[in-house]
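See below for start07.cif, which holds mmCIF, C-alpha atoms and all ligand atoms.
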data_query
loop_
_atom_site.label_atom_id
_atom_site.label_comp_id
_atom_site.auth_asym_id
_atom_site.auth_seq_id
_atom_site.Cartn_x
_atom_site.Cartn_y
_atom_site.Cartn_z
CA MET C 1 -1.51 -6.66 14.30
CA ILE C 2 1.60 -4.51 13.82
CA SER C 3 0.99 -0.75 13.76
CA ALA C 4 1.98 1.34 10.75
CA ARG C 5 4.75 3.05 12.73
CA ASP C 6 6.23 -0.21 13.98
CA ALA C 7 6.01 -1.64 10.47
CA LEU C 8 7.95 1.33 9.15
CA VAL C 9 10.69 0.70 11.71
CA LEU C 10 10.93 -2.94 10.57
CA LEU C 11 11.25 -1.90 6.92
CA ARG C 12 13.88 0.72 7.69
CA GLU C 13 15.93 -1.72 9.76
CA GLY C 14 15.64 -4.37 7.05
CA ASN C 15 16.81 -1.95 4.38
CA GLN C 16 19.76 -0.95 6.57
CA ARG C 17 20.77 -4.63 6.82
CA PHE C 18 20.45 -4.96 3.01
CA VAL C 19 22.60 -1.89 2.41
CA ALA C 20 25.19 -3.12 4.92
CA ASP C 21 25.28 -6.59 3.28
CA ALA C 22 24.20 -8.03 6.63
CA ILE C 23 21.27 -10.15 5.44
CA ASP C 24 20.76 -13.76 6.44
CA ARG C 25 19.03 -15.38 3.51
CA ASP C 26 18.59 -18.76 5.19
CA ALA C 27 16.81 -17.27 8.18
CA ILE C 28 14.04 -15.74 6.11
CA THR C 29 13.17 -18.67 3.86
CA ARG C 30 13.62 -21.44 6.43
CA ARG C 31 11.45 -24.53 6.06
CA VAL C 32 10.04 -24.29 9.57
CA ARG C 33 8.77 -20.80 8.74
CA ARG C 34 7.18 -22.09 5.55
CA LEU C 35 5.31 -24.81 7.40
CA ASP C 36 4.30 -22.39 10.14
CA LEU C 37 2.69 -20.14 7.52
CA THR C 38 0.41 -22.83 6.13
CA ARG C 39 -2.05 -21.84 8.85
CA GLY C 40 -2.34 -18.26 7.64
CA GLN C 41 -0.54 -15.01 7.01
CA GLU C 42 -0.25 -11.66 8.71
CA PRO C 43 1.97 -9.52 6.48
CA PHE C 44 2.98 -6.38 8.40
CA ALA C 45 3.19 -4.15 5.32
CA ALA C 46 1.78 -3.98 1.80
CA VAL C 47 4.15 -2.69 -0.85
CA LEU C 48 3.20 -1.45 -4.31
CA GLY C 49 6.46 -1.65 -6.22
CA CYS C 50 7.72 -1.53 -9.80
CA SER C 51 8.25 -4.78 -11.73
CA ASP C 52 11.86 -3.76 -12.42
CA SER C 53 14.13 -6.80 -11.93
CA ARG C 54 16.57 -4.70 -9.91
CA VAL C 55 14.06 -3.88 -7.16
CA PRO C 56 12.91 -7.16 -5.57
CA VAL C 57 10.88 -5.93 -2.62
CA GLU C 58 11.53 -8.68 -0.06
CA ILE C 59 15.27 -8.55 -0.71
CA VAL C 60 15.73 -4.76 -0.45
CA PHE C 61 13.83 -4.79 2.86
CA ASP C 62 15.45 -8.06 4.04
CA GLN C 63 12.10 -9.72 4.75
CA GLY C 64 11.05 -13.31 4.37
CA LEU C 65 8.08 -15.57 3.82
CA GLY C 66 4.84 -14.14 5.15
CA ASP C 67 6.22 -10.68 5.95
CA LEU C 68 5.17 -8.50 3.01
CA PHE C 69 2.10 -8.35 0.79
CA VAL C 70 3.67 -7.28 -2.50
CA ILE C 71 1.97 -5.85 -5.58
CA ARG C 72 4.28 -5.21 -8.51
CA VAL C 73 3.48 -3.47 -11.78
CA ALA C 74 5.65 -1.48 -14.20
CA GLY C 75 5.84 2.10 -12.99
CA ASN C 76 4.14 1.30 -9.63
CA ILE C 77 0.93 2.69 -11.04
CA VAL C 78 -2.46 2.55 -9.36
CA ALA C 79 -5.33 0.97 -11.31
CA PRO C 80 -8.46 -0.63 -9.82
CA SER C 81 -6.77 -4.01 -9.31
CA GLN C 82 -4.00 -2.40 -7.22
CA ILE C 83 -6.57 -0.62 -5.07
CA GLY C 84 -8.43 -3.90 -4.64
CA SER C 85 -5.21 -5.67 -3.63
CA VAL C 86 -4.48 -3.06 -0.95
CA GLU C 87 -8.04 -3.31 0.36
CA PHE C 88 -7.62 -7.07 0.46
CA ALA C 89 -4.41 -6.91 2.53
CA ALA C 90 -5.82 -4.32 4.94
CA GLU C 91 -9.16 -6.01 5.47
CA GLN C 92 -8.16 -9.69 5.40
CA PHE C 93 -4.83 -9.58 7.15
CA GLY C 94 -4.95 -6.36 9.19
CA THR C 95 -1.98 -4.85 7.36
CA ARG C 96 -1.66 -1.22 8.47
CA LEU C 97 1.25 0.15 6.45
CA VAL C 98 1.08 0.62 2.69
CA VAL C 99 4.23 1.70 0.85
CA VAL C 100 4.41 2.90 -2.75
CA LEU C 101 7.99 2.02 -3.73
CA GLY C 102 9.35 3.67 -6.86
CA HIS C 103 13.02 3.72 -7.86
CA SER C 104 15.69 5.74 -9.62
CA ARG C 105 16.06 5.38 -13.41
CA CYS C 106 12.61 3.80 -13.74
CA GLY C 107 12.07 2.56 -17.30
CA ALA C 108 8.32 3.22 -17.17
CA ILE C 109 9.00 6.88 -16.40
CA GLU C 110 11.64 7.16 -19.13
CA THR C 111 9.30 5.54 -21.65
CA THR C 112 6.53 7.97 -20.73
CA LEU C 113 8.90 10.92 -21.18
CA GLN C 114 9.97 9.64 -24.60
CA GLN C 115 6.40 9.19 -25.66
CA LEU C 116 5.39 12.65 -24.55
CA ARG C 117 8.09 14.02 -26.83
CA ARG C 118 7.42 11.70 -29.74
CA PRO C 119 4.30 9.57 -29.69
CA PRO C 120 5.11 6.25 -31.38
CA GLU C 121 2.99 4.79 -34.12
CA ASN C 122 1.35 1.45 -33.49
CA GLN C 123 1.80 1.55 -29.77
CA SER C 124 0.28 -1.40 -27.97
CA ARG C 125 -2.92 -0.57 -26.13
CA ASN C 126 -1.68 -2.48 -23.11
CA LEU C 127 1.55 -0.53 -22.79
CA HIS C 128 -0.50 2.58 -23.38
CA SER C 129 -2.55 1.82 -20.30
CA ILE C 130 0.58 2.11 -18.14
CA VAL C 131 1.90 5.23 -19.85
CA ASP C 132 -1.53 6.86 -19.50
CA LEU C 133 -1.37 6.52 -15.74
CA VAL C 134 2.20 7.84 -15.44
CA ARG C 135 1.65 10.70 -17.89
CA PRO C 136 -0.24 13.31 -15.80
CA SER C 137 2.48 13.77 -13.18
CA VAL C 138 5.27 13.77 -15.79
CA GLN C 139 3.44 16.13 -18.11
CA ALA C 140 2.92 18.64 -15.30
CA LEU C 141 6.69 18.65 -14.68
CA LEU C 142 7.46 19.33 -18.34
CA HIS C 143 5.30 22.44 -18.07
CA THR C 144 6.59 23.75 -14.74
CA SER C 145 10.27 22.88 -15.25
CA PRO C 146 11.04 22.81 -18.98
CA ALA C 147 14.72 23.67 -18.37
CA TYR C 148 15.60 20.44 -16.53
CA ASP C 149 18.14 18.21 -18.25
CA HIS C 150 17.06 14.63 -18.92
CA ASP C 151 18.47 13.03 -15.75
CA THR C 152 17.05 15.72 -13.46
CA LEU C 153 13.71 15.45 -15.18
CA VAL C 154 13.64 11.68 -14.65
CA GLN C 155 14.57 12.11 -10.97
CA HIS C 156 11.74 14.55 -10.39
CA ALA C 157 9.31 12.55 -12.50
CA VAL C 158 10.00 9.38 -10.47
CA ARG C 159 9.06 11.20 -7.27
CA ALA C 160 6.06 12.94 -8.83
CA ASN C 161 4.79 9.56 -10.02
CA ILE C 162 5.23 8.01 -6.54
CA ARG C 163 3.37 10.95 -4.95
CA ALA C 164 0.56 10.56 -7.49
CA SER C 165 0.22 6.84 -6.71
CA VAL C 166 0.18 7.58 -2.96
CA GLN C 167 -2.59 10.15 -3.42
CA HIS C 168 -4.50 7.81 -5.68
CA LEU C 169 -4.34 5.01 -3.11
CA ARG C 170 -5.26 7.29 -0.21
CA HIS C 171 -8.37 8.54 -1.97
CA GLY C 172 -9.05 5.71 -4.40
CA SER C 173 -11.67 3.92 -2.35
CA ASP C 174 -14.06 4.45 0.54
CA VAL C 175 -12.65 1.34 2.21
CA ILE C 176 -9.11 2.73 2.29
CA GLU C 177 -10.21 6.24 3.32
CA ASN C 178 -12.19 4.76 6.18
CA LEU C 179 -9.25 2.61 7.35
CA ILE C 180 -6.97 5.69 7.26
CA GLN C 181 -9.38 7.77 9.31
CA ASN C 182 -10.49 5.13 11.79
CA ALA C 183 -8.08 2.23 11.92
CA GLY C 184 -4.53 3.62 11.73
CA LEU C 185 -3.81 2.73 8.11
CA MET C 186 -0.91 4.74 6.64
CA VAL C 187 -0.03 5.12 2.96
CA VAL C 188 3.51 6.42 2.38
CA GLY C 189 5.79 6.97 -0.60
CA ALA C 190 9.40 5.83 -0.90
CA GLU C 191 12.14 5.74 -3.52
CA TYR C 192 14.74 3.00 -3.87
CA SER C 193 18.12 4.08 -5.17
CA LEU C 194 19.65 1.64 -7.66
CA GLU C 195 22.99 3.26 -6.92
CA THR C 196 23.10 2.95 -3.12
CA GLY C 197 20.41 0.39 -2.27
CA VAL C 198 18.90 2.88 0.18
CA VAL C 199 15.12 3.32 0.43
CA ASP C 200 14.19 6.93 1.16
CA PHE C 201 10.73 7.31 2.70
CA PHE C 202 9.91 10.82 1.53
CA ASP C 203 6.13 11.07 1.38
CA GLY C 204 3.78 10.85 4.34
CA VAL C 205 6.55 10.12 6.85
CA ILE C 206 8.23 12.34 9.45
CA PRO C 207 11.88 12.59 8.34
CA GLN C 208 14.39 10.67 10.44
CA ALA C 209 16.86 12.64 12.55
ZN ZN M 301 10.49 0.97 -12.68
#
Written as structure tokens, how would this file's structure read?
Ligand SMILES: [Zn+2]
Amino acid sequence: MISARDALVLLREGNQRFVADAIDRDAITRRVRRLDLTRGQEPFAAVLGCSDSRVPVEIVFDQGLGDLFVIRVAGNIVAPSQIGSVEFAAEQFGTRLVVVLGHSRCGAIETTLQQLRRPPENQSRNLHSIVDLVRPSVQALLHTSPAYDHDTLVQHAVRANIRASVQHLRHGSDVIENLIQNAGLMVVGAEYSLETGVVDFFDGVIPQA
């Protein structure tokens, strides 16, 4: 089992390789690795990311087969199935680091902002279920900081939404709370920058020097 702190180091190093264009794609999808993994898996981190096509989790952390347990949903929201997936990774595979990975210019956040300003008619109930989960953190920002311009508002809303998902995961189930208190599980929040490729771990992590 890899500790949460060691897992964080692996993710940071992988992201640095990605940013530096120093990734070795062959090494991480190699056939021998694939065959080796037929016996089981031990992913060292679970990542709840956005479905956005520009943020493929394994690639931005330069990880390969068997390394990451990835849950992706538009807006990296937390609903019961996401909580269940995290419980599954932590209990079945001993994964000790959970990362909520949002990103700049997130379409789910922008859609929520638009809908708060002008609720559409005939909105699909399914899309609504995502917007409903993003809305509370974004709505709070509109009240506290009404003077923000659109881009600044989106930037802050992205982070507020990541923080909300982190809190939701930390306190969303007795299983996860127990693992945090007694078994070294860590839930942290991070933002991927579409512009630079850098992942900034900003919630639940001691800042790097
Ligand atoms: Zn997104």
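Relative to atom CA of Met186 of chain C, atom CA of Ala4 of chain C is found at 6.1 Å.
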Set the cut-off to 8 Å, count all atoms listed in the file, and list whatever residues fall near ligand ZN 301 (chain M) as JSON, numbers by chain. {"C": [50, 51, 52, 74, 75, 76, 102, 103, 104, 105, 106, 107, 108, 109]}
Calculated over all atoms listed in the file, which of the candidates C:Ile162, C:Leu141, C:Leu37, C:Val19 has the smallest distance to Ile59 of chain C? C:Val19
Among listed residues C:Glu177, C:Asp62, C:Glu87, C:Asp6, nearest Asp21 of chain C (using only C-alpha atoms):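 Selected residue with least distance to Asp21 of chain C: C:Asp62.
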Have a look at C:Val99, C:Leu169, C:Ala157, C:Ile2 and name the one nearest to Val205 of chain C; count all atoms listed in the file. C:Val99
Please indicate the distance in Å from atom CA of Val138 of chain C to atom CA of Glu110 of chain C, rounded to one decimal place.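 So the two atoms, atom CA of Val138 of chain C and atom CA of Glu110 of chain C, lie 9.8 Å apart.
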Can you work out which one of C:Gly204, C:Pro120, C:Gly40, C:Gly172 has the shortest atom-to-atom distance to Val187 of chain C, counting only C-alpha atoms?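 Among the listed residues, C:Gly204 lies closest to Val187 of chain C.
Note that atom CA of Ser193 of chain C and atom CA of Ala20 of chain C are 14.3 Å apart.
With all atoms listed in the file as the basis for measurement, C:Gln16 is the residue among C:Ser85, C:Thr144, C:Thr29, C:Gln16 that approaches Val198 of chain C most closely.
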In terms of only C-alpha atoms, the residue from C:Glu121, C:Ile180, C:Arg72, C:Val166 at minimal distance from Val55 of chain C is C:Arg72
Counting only C-alpha atoms, find the residues whose atoms lie at most 6 Å from (0.7, -7.6, 7.4) (file coordinates) and write them out as a VMD selection string. chain C and resid 42 to 45 93 95
